[in-house]
>>> print(open('start04.cif').read())   # mmCIF, C-alpha atoms and all ligand atoms
data_query
loop_
_atom_site.group_PDB
_atom_site.id
_atom_site.type_symbol
_atom_site.label_atom_id
_atom_site.label_comp_id
_atom_site.auth_asym_id
_atom_site.auth_seq_id
_atom_site.Cartn_x
_atom_site.Cartn_y
_atom_site.Cartn_z
ATOM 1 C CA MET A 1 107.875 110.777 122.997
ATOM 2 C CA GLN A 2 108.952 108.656 120.078
ATOM 3 C CA PRO A 3 107.196 105.418 119.211
ATOM 4 C CA SER A 4 109.193 102.452 120.363
ATOM 5 C CA LEU A 5 111.115 102.298 117.084
ATOM 6 C CA LYS A 6 114.377 102.724 118.988
ATOM 7 C CA ASN A 7 113.909 99.367 120.648
ATOM 8 C CA THR A 8 116.835 97.344 119.299
ATOM 9 C CA SER A 9 114.799 94.150 119.338
ATOM 10 C CA THR A 10 112.281 95.622 116.886
ATOM 11 C CA SER A 11 111.564 92.896 114.366
ATOM 12 C CA VAL A 12 111.019 93.233 110.657
ATOM 13 C CA ASN A 13 107.331 92.642 111.309
ATOM 14 C CA ASP A 14 107.274 95.502 113.789
ATOM 15 C CA MET A 15 108.993 97.769 111.283
ATOM 16 C CA GLU A 16 106.480 96.816 108.612
ATOM 17 C CA THR A 17 103.646 97.510 111.029
ATOM 18 C CA PHE A 18 105.020 100.969 111.876
ATOM 19 C CA ASP A 19 105.578 101.654 108.184
ATOM 20 C CA LEU A 20 101.999 100.684 107.365
ATOM 21 C CA ALA A 21 100.632 102.806 110.216
ATOM 22 C CA ALA A 22 102.721 105.789 109.112
ATOM 23 C CA ARG A 23 101.510 105.476 105.521
ATOM 24 C CA MET A 24 97.905 105.181 106.689
ATOM 25 C CA ALA A 25 98.346 108.264 108.892
ATOM 26 C CA LEU A 26 99.760 110.142 105.915
ATOM 27 C CA ARG A 27 96.568 109.328 104.028
ATOM 28 C CA HIS A 28 94.360 110.588 106.839
ATOM 29 C CA PHE A 29 92.906 107.241 107.833
ATOM 30 C CA PRO A 30 91.102 107.684 111.165
ATOM 31 C CA VAL A 31 93.174 106.549 114.130
ATOM 32 C CA ALA A 32 90.652 103.813 114.963
ATOM 33 C CA LEU A 33 91.088 102.209 111.537
ATOM 34 C CA ILE A 34 94.873 102.406 111.754
ATOM 35 C CA ARG A 35 94.647 100.598 115.075
ATOM 36 C CA ILE A 36 92.336 97.942 113.632
ATOM 37 C CA GLN A 37 94.676 97.305 110.701
ATOM 38 C CA THR A 38 97.969 97.393 112.608
ATOM 39 C CA GLY A 39 97.132 96.446 116.188
ATOM 40 C CA LEU A 40 99.230 99.388 117.406
ATOM 41 C CA PRO A 41 98.147 101.235 120.560
ATOM 42 C CA ALA A 42 96.379 104.571 120.287
ATOM 43 C CA GLU A 43 99.309 106.566 121.704
ATOM 44 C CA THR A 44 101.670 105.190 119.056
ATOM 45 C CA VAL A 45 99.249 105.937 116.240
ATOM 46 C CA ASP A 46 98.690 109.429 117.629
ATOM 47 C CA GLU A 47 102.460 110.020 117.561
ATOM 48 C CA LEU A 48 102.791 108.749 114.002
ATOM 49 C CA TYR A 49 99.908 111.014 113.011
ATOM 50 C CA GLN A 50 101.559 113.959 114.717
ATOM 51 C CA GLN A 51 104.819 113.239 112.860
ATOM 52 C CA ALA A 52 103.022 112.942 109.521
ATOM 53 C CA HIS A 53 100.966 116.116 109.783
ATOM 54 C CA ASN A 54 102.620 118.171 112.484
ATOM 55 C CA ALA A 55 99.229 118.176 114.176
ATOM 56 C CA PRO A 56 97.290 115.769 116.356
ATOM 57 C CA PRO A 57 94.668 113.550 114.714
ATOM 58 C CA PRO A 58 91.242 115.164 114.252
ATOM 59 C CA PRO A 59 88.265 113.905 116.279
ATOM 60 C CA PRO A 60 87.096 110.506 115.035
ATOM 61 C CA PRO A 61 84.649 110.870 112.135
ATOM 62 C CA PRO A 62 81.460 108.784 112.154
ATOM 63 C CA LEU A 63 81.773 105.565 110.200
ATOM 64 C CA PRO A 64 79.775 105.880 106.967
ATOM 65 C CA LYS A 65 76.730 103.628 106.753
ATOM 66 C CA ALA A 66 77.164 100.956 104.145
ATOM 67 C CA LEU A 67 73.803 101.617 102.494
ATOM 68 C CA ASP A 68 74.615 105.304 102.085
ATOM 69 C CA LEU A 69 77.617 104.356 99.971
ATOM 70 C CA ILE A 70 75.345 103.118 97.176
ATOM 71 C CA ALA A 71 72.202 105.119 97.991
ATOM 72 C CA THR A 72 72.240 107.295 94.859
ATOM 73 C CA PRO A 73 73.356 106.582 91.310
ATOM 74 C CA GLU A 74 76.269 108.974 91.838
ATOM 75 C CA ALA A 75 77.330 107.259 95.053
ATOM 76 C CA ALA A 76 76.956 103.837 93.442
ATOM 77 C CA ALA A 77 79.133 104.957 90.544
ATOM 78 C CA ARG A 78 81.856 106.137 92.946
ATOM 79 C CA ALA A 79 81.704 102.910 94.943
ATOM 80 C CA THR A 80 81.805 100.819 91.764
ATOM 81 C CA SER A 81 84.825 102.764 90.501
ATOM 82 C CA PHE A 82 86.789 102.142 93.687
ATOM 83 C CA LEU A 83 85.742 98.513 94.153
ATOM 84 C CA ALA A 84 86.597 97.583 90.564
ATOM 85 C CA HIS A 85 90.208 98.604 91.280
ATOM 86 C CA TYR A 86 90.209 97.043 94.725
ATOM 87 C CA LEU A 87 88.863 93.633 93.735
ATOM 88 C CA ARG A 88 91.240 93.417 90.786
ATOM 89 C CA LEU A 89 94.217 94.116 93.057
ATOM 90 C CA ALA A 90 93.124 92.133 96.110
ATOM 91 C CA GLY A 91 91.767 89.119 94.235
ATOM 92 C CA PRO A 92 89.704 86.431 95.974
ATOM 93 C CA ALA A 93 91.400 87.272 99.293
ATOM 94 C CA ALA A 94 89.160 90.363 99.403
ATOM 95 C CA TYR A 95 86.389 88.035 100.597
ATOM 96 C CA ARG A 96 88.459 86.814 103.540
ATOM 97 C CA ARG A 97 90.115 89.968 104.842
ATOM 98 C CA ILE A 98 90.572 93.646 104.137
ATOM 99 C CA ASP A 99 93.737 93.929 102.047
ATOM 100 C CA ILE A 100 94.900 97.341 103.217
ATOM 101 C CA GLU A 101 97.796 97.568 100.740
ATOM 102 C CA ALA A 102 95.451 96.797 97.841
ATOM 103 C CA LEU A 103 92.950 99.246 99.303
ATOM 104 C CA MET A 104 95.452 102.116 99.355
ATOM 105 C CA PHE A 105 96.708 101.365 95.842
ATOM 106 C CA ALA A 106 93.128 101.020 94.571
ATOM 107 C CA HIS A 107 92.220 104.320 96.198
ATOM 108 C CA ASP A 108 95.102 106.022 94.361
ATOM 109 C CA LEU A 109 93.866 104.557 91.076
ATOM 110 C CA HIS A 110 90.305 105.613 91.923
ATOM 111 C CA LEU A 111 91.417 109.212 92.566
ATOM 112 C CA ALA A 112 93.485 109.262 89.381
ATOM 113 C CA ALA A 113 90.647 107.893 87.271
ATOM 114 C CA ARG A 114 87.976 110.333 88.455
ATOM 115 C CA ASP A 115 88.073 113.772 86.901
ATOM 116 C CA ASP A 116 87.715 116.887 89.015
ATOM 117 C CA ALA A 117 84.007 117.213 88.366
ATOM 118 C CA LYS A 118 83.258 113.857 89.926
ATOM 119 C CA GLN A 119 83.311 113.183 93.618
ATOM 120 C CA THR A 120 85.644 110.531 94.910
ATOM 121 C CA GLU A 121 85.484 108.147 97.810
ATOM 122 C CA THR A 122 87.429 109.022 100.937
ATOM 123 C CA VAL A 123 89.759 106.416 102.398
ATOM 124 C CA LEU A 124 87.212 105.910 105.165
ATOM 125 C CA ARG A 125 84.396 105.198 102.714
ATOM 126 C CA ALA A 126 86.763 102.976 100.723
ATOM 127 C CA TRP A 127 87.533 100.986 103.872
ATOM 128 C CA VAL A 128 83.838 100.484 104.637
ATOM 129 C CA LEU A 129 83.260 99.329 101.050
ATOM 130 C CA ALA A 130 86.104 96.823 101.393
ATOM 131 C CA ARG A 131 84.669 95.615 104.705
ATOM 132 C CA GLU A 132 81.218 95.109 103.194
ATOM 133 C CA MET A 133 82.781 93.162 100.326
ATOM 134 C CA ARG A 134 84.640 90.948 102.765
ATOM 135 C CA CYS A 135 81.368 90.280 104.633
ATOM 136 C CA ARG A 136 79.657 89.667 101.292
ATOM 137 C CA THR A 137 76.854 91.999 102.333
ATOM 138 C CA LEU A 138 77.815 94.072 99.320
ATOM 139 C CA THR A 139 77.884 92.161 96.061
ATOM 140 C CA PHE A 140 78.031 92.789 92.345
ATOM 141 C CA GLN A 141 74.957 91.659 90.446
ATOM 142 C CA LEU A 142 74.627 91.298 86.710
ATOM 143 C CA CYS A 143 72.010 93.581 85.161
ATOM 144 C CA SER A 144 70.118 92.812 81.965
ATOM 145 C CA CYS A 145 71.989 95.778 80.461
ATOM 146 C CA GLY A 146 75.097 93.590 80.666
ATOM 147 C CA ARG A 147 76.869 95.561 83.366
ATOM 148 C CA GLU A 148 77.463 94.723 87.005
ATOM 149 C CA PHE A 149 76.039 96.919 89.732
ATOM 150 C CA LEU A 150 76.335 96.934 93.506
ATOM 151 C CA ALA A 151 73.601 95.542 95.719
ATOM 152 C CA HIS A 152 73.546 95.431 99.513
ATOM 153 C CA ALA A 153 71.935 92.707 101.615
ATOM 154 C CA ASP A 154 70.169 95.290 103.803
ATOM 155 C CA GLN A 155 68.470 97.166 100.970
ATOM 156 C CA LYS A 156 64.736 97.403 101.507
ATOM 157 C CA LEU A 157 63.957 98.198 97.907
ATOM 158 C CA PRO A 158 64.900 95.781 95.136
ATOM 159 C CA ALA A 159 68.442 96.586 94.053
ATOM 160 C CA ALA A 160 68.583 98.519 90.823
ATOM 161 C CA CYS A 161 71.384 99.018 88.354
ATOM 162 C CA HIS A 162 72.743 102.562 88.528
ATOM 163 C CA PHE A 163 73.849 102.429 84.907
ATOM 164 C CA CYS A 164 70.424 102.003 83.349
ATOM 165 C CA SER A 165 67.819 102.807 86.001
ATOM 166 C CA PRO A 166 68.514 105.755 88.247
ATOM 167 C CA ARG A 167 66.734 105.158 91.483
ATOM 168 C CA PRO A 168 65.679 107.171 94.503
ATOM 169 C CA ALA A 169 67.876 107.235 97.555
ATOM 170 C CA VAL A 170 67.619 104.058 99.561
ATOM 171 C CA ALA A 171 66.265 104.494 103.064
ATOM 172 C CA THR A 172 68.857 103.727 105.678
ATOM 173 C CA ARG A 173 68.153 101.907 108.894
ATOM 174 C CA SER A 174 68.830 104.685 111.316
ATOM 175 C CA ALA A 175 67.340 103.843 114.690
ATOM 176 C CA GLY A 176 68.136 107.213 116.207
ATOM 177 C CA GLY A 177 66.704 109.023 113.231
ATOM 178 C CA GLU A 178 69.987 110.786 112.704
ATOM 179 C CA LYS A 179 70.905 111.536 109.161
ATOM 180 C CA SER A 180 74.251 110.078 108.351
ATOM 181 C CA SER A 181 76.489 112.618 106.788
ATOM 182 C CA GLU A 182 78.873 112.395 103.916
ATOM 183 C CA VAL A 183 82.186 112.050 105.627
ATOM 184 C CA ARG A 184 84.852 113.717 103.637
ATOM 185 C CA LEU A 185 88.233 113.507 105.200
ATOM 186 C CA ALA A 186 90.912 115.806 103.948
ATOM 187 C CA ASN A 187 92.688 113.950 101.202
ATOM 188 C CA GLY A 188 95.620 116.241 100.783
HETATM 189 ZN ZN ZN B 1 71.722 97.998 84.026
#
>>> encode(input="start04.cif", output="structure tokens", more="lines below")
Ligand SMILES: [Zn+2]
Amino acid sequence: MQPSLKNTSTSVNDMETFDLAARMALRHFPVALIRIQTGLPAETVDELYQQAHNAPPPPPPPLPKALDLIATPEAAARATSFLAHYLRLAGPAAYRRIDIEALMFAHDLHLAARDDAKQTETVLRAWVLAREMRCRTLTFQLCSCGREFLAHADQKLPAACHFCSPRPAVATRSAGGEKSSEVRLANG
């Protein structure tokens, strides 16, 4: 079954929405996030995913916990790399909504700027970072070393700059005691 693209009354907005969903599917965004960003029904997103990859979407990955994204100096460096691109592209609007176009472009720049030896953020982790920025739970703070580092409102320990003071992993608030895993979606 094709998505309802053949509907002759499809508006430009509809076409743009399908185009965005198709591009997100191509980048392996989880179906749930594509639905959040486009408002399209699950069946339509599943079909777009199938068309993009010739395979159905994988089971939904767990959403990364925000604190885990800056829990180690390495993770904080990755998050800072992505968010620097994202905030520059999205501008002040990043604090009002998730700019998905800016997010995808920033993710490309992030991947291009990181060499092979360094881990990169997945699109899912990038989306959570953008969401935390929008909520202002994740903020950049100025360190005495002159550089800006990421701090999260839920951190139990005082936030520390990852550039000049490597810190231990921050404890996450995990009621069920489960250890959140590094979600790495296939990135092509
Ligand atoms: Zn510092």
>>> axis_aligned_box(input="start04.cif", around="stretch 99-116 of chain A", padding_each_side="5 Å", output="lines of an AutoDock Vina configuration file")
center_x = 92.8
center_y = 105.4
center_z = 95.1
size_x = 20.1
size_y = 33.0
size_z = 26.3
>>> residues_near_ligand(input="start04.cif", ligand="ligand ZN 1 (chain B)", cutoff="12 Å", atoms="all atoms listed in the file", output="PyMOL selection string")
chain A and resi 73+140-150+159-167
>>> resolve_selection(input="start04.cif", expression="the PyMOL selection byres (((chain A and resi 38-50) around 9) and not hetatm)", output="JSON, numbers by chain")
{"A": [1, 2, 3, 4, 17, 18, 20, 21, 22, 24, 25, 26, 28, 31, 32, 33, 34, 35, 36, 37, 51, 52, 53, 54, 55, 56, 57]}
>>> residues_around(input="start04.cif", residues="A:Arg97", least_positions_apart="6", cutoff="9 Å", atoms="only C-alpha atoms", output="count of residues only")
4
>>> closest_residue(input="start04.cif", among="A:Ile70, A:Leu63, A:Met104, A:Ala93", to="A:Ala151", atoms="all atoms listed in the file")
A:Ile70
>>> resolve_selection(input="start04.cif", expression="the PyMOL selection byres (((chain A and resi 90) around 12) and not hetatm)", output="PyMOL selection string")
chain A and resi 83-89+91-106+130+133-134
>>> closest_residue(input="start04.cif", among="A:His107, A:Ala79, A:Asp19, A:Arg136", to="A:Val123", atoms="only C-alpha atoms")
A:His107
>>> atom_distance(input="start04.cif", atom1="atom CA of A:Ala112", atom2="atom CA of A:Pro30")
22.0 Å
>>> closest_residue(input="start04.cif", among="A:Leu124, A:Leu138, A:Leu129, A:Ala66", to="A:Arg27", atoms="all atoms listed in the file")
A:Leu124
>>> atom_distance(input="start04.cif", atom1="atom CA of A:Pro62", atom2="atom CA of A:Asp115")
26.6 Å
>>> residues_around(input="start04.cif", residues="A:Arg78", least_positions_apart="4", cutoff="9 Å", atoms="all atoms listed in the file", output="MDAnalysis selection string")
chainID A and resid 69:70 73:74 82:83 110 114 118:121
>>> atom_distance(input="start04.cif", atom1="atom CA of A:Arg125", atom2="atom CA of A:Pro64")
6.3 Å
>>> residues_around(input="start04.cif", residues="A:Thr137", least_positions_apart="5", cutoff="6 Å", atoms="all atoms listed in the file", output="tab-separated table (two decimals) with C-alpha atoms, in the coordinates of the input")
chain	number	residue	atom	x	y	z
A	132	GLU	CA	81.22	95.11	103.19
A	152	HIS	CA	73.55	95.43	99.51
A	153	ALA	CA	71.94	92.71	101.62
>>> decode(input="start04.cif", residues="stretch 44-89 of chain A", atoms="N, CA and C atoms", output="PDB file, in the first residue's frame")
ATOM      1  N   THR A  44       1.832   5.090   7.758  1.00  0.00           N
ATOM      2  CA  THR A  44       2.476   5.864   6.687  1.00  0.00           C
ATOM      3  C   THR A  44       3.981   5.916   6.896  1.00  0.00           C
ATOM      4  N   VAL A  45       4.392   6.157   8.132  1.00  0.00           N
ATOM      5  CA  VAL A  45       5.830   6.228   8.408  1.00  0.00           C
ATOM      6  C   VAL A  45       6.472   4.867   8.170  1.00  0.00           C
ATOM      7  N   ASP A  46       5.779   3.808   8.570  1.00  0.00           N
ATOM      8  CA  ASP A  46       6.297   2.457   8.324  1.00  0.00           C
ATOM      9  C   ASP A  46       6.518   2.228   6.828  1.00  0.00           C
ATOM     10  N   GLU A  47       5.566   2.686   6.007  1.00  0.00           N
ATOM     11  CA  GLU A  47       5.693   2.504   4.556  1.00  0.00           C
ATOM     12  C   GLU A  47       6.864   3.297   3.992  1.00  0.00           C
ATOM     13  N   LEU A  48       7.013   4.538   4.470  1.00  0.00           N
ATOM     14  CA  LEU A  48       8.132   5.356   4.003  1.00  0.00           C
ATOM     15  C   LEU A  48       9.454   4.708   4.398  1.00  0.00           C
ATOM     16  N   TYR A  49       9.474   4.132   5.601  1.00  0.00           N
ATOM     17  CA  TYR A  49      10.687   3.465   6.082  1.00  0.00           C
ATOM     18  C   TYR A  49      11.005   2.253   5.204  1.00  0.00           C
ATOM     19  N   GLN A  50       9.949   1.512   4.902  1.00  0.00           N
ATOM     20  CA  GLN A  50      10.100   0.325   4.055  1.00  0.00           C
ATOM     21  C   GLN A  50      10.652   0.721   2.684  1.00  0.00           C
ATOM     22  N   GLN A  51      10.128   1.831   2.128  1.00  0.00           N
ATOM     23  CA  GLN A  51      10.593   2.294   0.818  1.00  0.00           C
ATOM     24  C   GLN A  51      12.053   2.752   0.881  1.00  0.00           C
ATOM     25  N   ALA A  52      12.432   3.357   1.990  1.00  0.00           N
ATOM     26  CA  ALA A  52      13.790   3.900   2.109  1.00  0.00           C
ATOM     27  C   ALA A  52      14.830   2.789   2.282  1.00  0.00           C
ATOM     28  N   HIS A  53      14.455   1.745   2.996  1.00  0.00           N
ATOM     29  CA  HIS A  53      15.458   0.736   3.367  1.00  0.00           C
ATOM     30  C   HIS A  53      15.146  -0.664   2.859  1.00  0.00           C
ATOM     31  N   ASN A  54      14.017  -0.794   2.169  1.00  0.00           N
ATOM     32  CA  ASN A  54      13.619  -2.108   1.699  1.00  0.00           C
ATOM     33  C   ASN A  54      13.513  -3.101   2.856  1.00  0.00           C
ATOM     34  N   ALA A  55      13.141  -2.577   3.992  1.00  0.00           N
ATOM     35  CA  ALA A  55      12.987  -3.396   5.206  1.00  0.00           C
ATOM     36  C   ALA A  55      12.095  -2.613   6.166  1.00  0.00           C
ATOM     37  N   PRO A  56      11.367  -3.334   7.005  1.00  0.00           N
ATOM     38  CA  PRO A  56      10.520  -2.623   7.968  1.00  0.00           C
ATOM     39  C   PRO A  56      11.379  -1.931   9.026  1.00  0.00           C
ATOM     40  N   PRO A  57      10.825  -0.947   9.721  1.00  0.00           N
ATOM     41  CA  PRO A  57      11.608  -0.279  10.764  1.00  0.00           C
ATOM     42  C   PRO A  57      11.974  -1.251  11.873  1.00  0.00           C
ATOM     43  N   PRO A  58      13.157  -1.070  12.483  1.00  0.00           N
ATOM     44  CA  PRO A  58      13.553  -1.935  13.598  1.00  0.00           C
ATOM     45  C   PRO A  58      12.694  -1.637  14.822  1.00  0.00           C
ATOM     46  N   PRO A  59      12.723  -2.509  15.835  1.00  0.00           N
ATOM     47  CA  PRO A  59      11.976  -2.230  17.060  1.00  0.00           C
ATOM     48  C   PRO A  59      12.413  -0.893  17.642  1.00  0.00           C
ATOM     49  N   PRO A  60      11.495  -0.184  18.295  1.00  0.00           N
ATOM     50  CA  PRO A  60      11.848   1.149  18.802  1.00  0.00           C
ATOM     51  C   PRO A  60      12.972   1.072  19.836  1.00  0.00           C
ATOM     52  N   PRO A  61      14.026   1.865  19.649  1.00  0.00           N
ATOM     53  CA  PRO A  61      15.114   1.881  20.626  1.00  0.00           C
ATOM     54  C   PRO A  61      14.690   2.695  21.848  1.00  0.00           C
ATOM     55  N   PRO A  62      15.281   2.405  23.023  1.00  0.00           N
ATOM     56  CA  PRO A  62      14.963   3.235  24.185  1.00  0.00           C
ATOM     57  C   PRO A  62      15.481   4.652  23.983  1.00  0.00           C
ATOM     58  N   LEU A  63      14.726   5.616  24.473  1.00  0.00           N
ATOM     59  CA  LEU A  63      15.165   7.004  24.355  1.00  0.00           C
ATOM     60  C   LEU A  63      16.340   7.223  25.316  1.00  0.00           C
ATOM     61  N   PRO A  64      17.443   7.765  24.819  1.00  0.00           N
ATOM     62  CA  PRO A  64      18.588   8.001  25.710  1.00  0.00           C
ATOM     63  C   PRO A  64      18.205   8.949  26.842  1.00  0.00           C
ATOM     64  N   LYS A  65      18.775   8.725  28.009  1.00  0.00           N
ATOM     65  CA  LYS A  65      18.530   9.630  29.135  1.00  0.00           C
ATOM     66  C   LYS A  65      19.415  10.860  28.978  1.00  0.00           C
ATOM     67  N   ALA A  66      18.801  11.996  29.208  1.00  0.00           N
ATOM     68  CA  ALA A  66      19.508  13.256  28.960  1.00  0.00           C
ATOM     69  C   ALA A  66      20.836  13.324  29.722  1.00  0.00           C
ATOM     70  N   LEU A  67      20.824  12.899  30.981  1.00  0.00           N
ATOM     71  CA  LEU A  67      22.047  13.004  31.779  1.00  0.00           C
ATOM     72  C   LEU A  67      23.168  12.139  31.219  1.00  0.00           C
ATOM     73  N   ASP A  68      22.804  11.004  30.628  1.00  0.00           N
ATOM     74  CA  ASP A  68      23.819  10.117  30.062  1.00  0.00           C
ATOM     75  C   ASP A  68      24.566  10.781  28.910  1.00  0.00           C
ATOM     76  N   LEU A  69      23.900  11.750  28.268  1.00  0.00           N
ATOM     77  CA  LEU A  69      24.497  12.370  27.088  1.00  0.00           C
ATOM     78  C   LEU A  69      25.661  13.283  27.442  1.00  0.00           C
ATOM     79  N   ILE A  70      25.778  13.640  28.724  1.00  0.00           N
ATOM     80  CA  ILE A  70      26.928  14.465  29.141  1.00  0.00           C
ATOM     81  C   ILE A  70      27.610  13.861  30.358  1.00  0.00           C
ATOM     82  N   ALA A  71      27.420  12.534  30.555  1.00  0.00           N
ATOM     83  CA  ALA A  71      27.869  11.901  31.804  1.00  0.00           C
ATOM     84  C   ALA A  71      29.382  11.733  31.888  1.00  0.00           C
ATOM     85  N   THR A  72      30.064  11.672  30.768  1.00  0.00           N
ATOM     86  CA  THR A  72      31.522  11.521  30.778  1.00  0.00           C
ATOM     87  C   THR A  72      32.123  12.661  29.955  1.00  0.00           C
ATOM     88  N   PRO A  73      33.389  12.943  30.157  1.00  0.00           N
ATOM     89  CA  PRO A  73      34.006  13.993  29.342  1.00  0.00           C
ATOM     90  C   PRO A  73      33.884  13.713  27.850  1.00  0.00           C
ATOM     91  N   GLU A  74      33.993  12.426  27.473  1.00  0.00           N
ATOM     92  CA  GLU A  74      33.886  12.073  26.057  1.00  0.00           C
ATOM     93  C   GLU A  74      32.469  12.347  25.537  1.00  0.00           C
ATOM     94  N   ALA A  75      31.486  11.942  26.338  1.00  0.00           N
ATOM     95  CA  ALA A  75      30.094  12.169  25.931  1.00  0.00           C
ATOM     96  C   ALA A  75      29.804  13.671  25.859  1.00  0.00           C
ATOM     97  N   ALA A  76      30.302  14.409  26.844  1.00  0.00           N
ATOM     98  CA  ALA A  76      30.078  15.854  26.861  1.00  0.00           C
ATOM     99  C   ALA A  76      30.713  16.519  25.644  1.00  0.00           C
ATOM    100  N   ALA A  77      31.876  16.016  25.244  1.00  0.00           N
ATOM    101  CA  ALA A  77      32.544  16.574  24.069  1.00  0.00           C
ATOM    102  C   ALA A  77      31.723  16.316  22.808  1.00  0.00           C
ATOM    103  N   ARG A  78      31.159  15.111  22.690  1.00  0.00           N
ATOM    104  CA  ARG A  78      30.317  14.781  21.538  1.00  0.00           C
ATOM    105  C   ARG A  78      29.083  15.674  21.507  1.00  0.00           C
ATOM    106  N   ALA A  79      28.440  15.801  22.675  1.00  0.00           N
ATOM    107  CA  ALA A  79      27.213  16.601  22.752  1.00  0.00           C
ATOM    108  C   ALA A  79      27.515  18.063  22.422  1.00  0.00           C
ATOM    109  N   THR A  80      28.639  18.564  22.935  1.00  0.00           N
ATOM    110  CA  THR A  80      29.021  19.950  22.673  1.00  0.00           C
ATOM    111  C   THR A  80      29.275  20.165  21.189  1.00  0.00           C
ATOM    112  N   SER A  81      29.936  19.191  20.557  1.00  0.00           N
ATOM    113  CA  SER A  81      30.228  19.289  19.122  1.00  0.00           C
ATOM    114  C   SER A  81      28.937  19.405  18.320  1.00  0.00           C
ATOM    115  N   PHE A  82      27.985  18.531  18.615  1.00  0.00           N
ATOM    116  CA  PHE A  82      26.719  18.578  17.865  1.00  0.00           C
ATOM    117  C   PHE A  82      25.953  19.870  18.155  1.00  0.00           C
ATOM    118  N   LEU A  83      25.830  20.210  19.442  1.00  0.00           N
ATOM    119  CA  LEU A  83      24.981  21.354  19.803  1.00  0.00           C
ATOM    120  C   LEU A  83      25.554  22.678  19.306  1.00  0.00           C
ATOM    121  N   ALA A  84      26.872  22.762  19.196  1.00  0.00           N
ATOM    122  CA  ALA A  84      27.468  23.998  18.663  1.00  0.00           C
ATOM    123  C   ALA A  84      26.961  24.233  17.239  1.00  0.00           C
ATOM    124  N   HIS A  85      26.943  23.156  16.429  1.00  0.00           N
ATOM    125  CA  HIS A  85      26.413  23.274  15.064  1.00  0.00           C
ATOM    126  C   HIS A  85      24.920  23.585  15.097  1.00  0.00           C
ATOM    127  N   TYR A  86      24.211  22.857  15.936  1.00  0.00           N
ATOM    128  CA  TYR A  86      22.749  22.978  15.953  1.00  0.00           C
ATOM    129  C   TYR A  86      22.304  24.387  16.354  1.00  0.00           C
ATOM    130  N   LEU A  87      22.876  24.903  17.420  1.00  0.00           N
ATOM    131  CA  LEU A  87      22.440  26.219  17.906  1.00  0.00           C
ATOM    132  C   LEU A  87      22.800  27.323  16.913  1.00  0.00           C
ATOM    133  N   ARG A  88      23.925  27.150  16.230  1.00  0.00           N
ATOM    134  CA  ARG A  88      24.315  28.150  15.232  1.00  0.00           C
ATOM    135  C   ARG A  88      23.308  28.153  14.080  1.00  0.00           C
ATOM    136  N   LEU A  89      22.865  26.969  13.679  1.00  0.00           N
ATOM    137  CA  LEU A  89      21.929  26.872  12.552  1.00  0.00           C
ATOM    138  C   LEU A  89      20.498  27.232  12.952  1.00  0.00           C
TER     139      LEU A  89
END
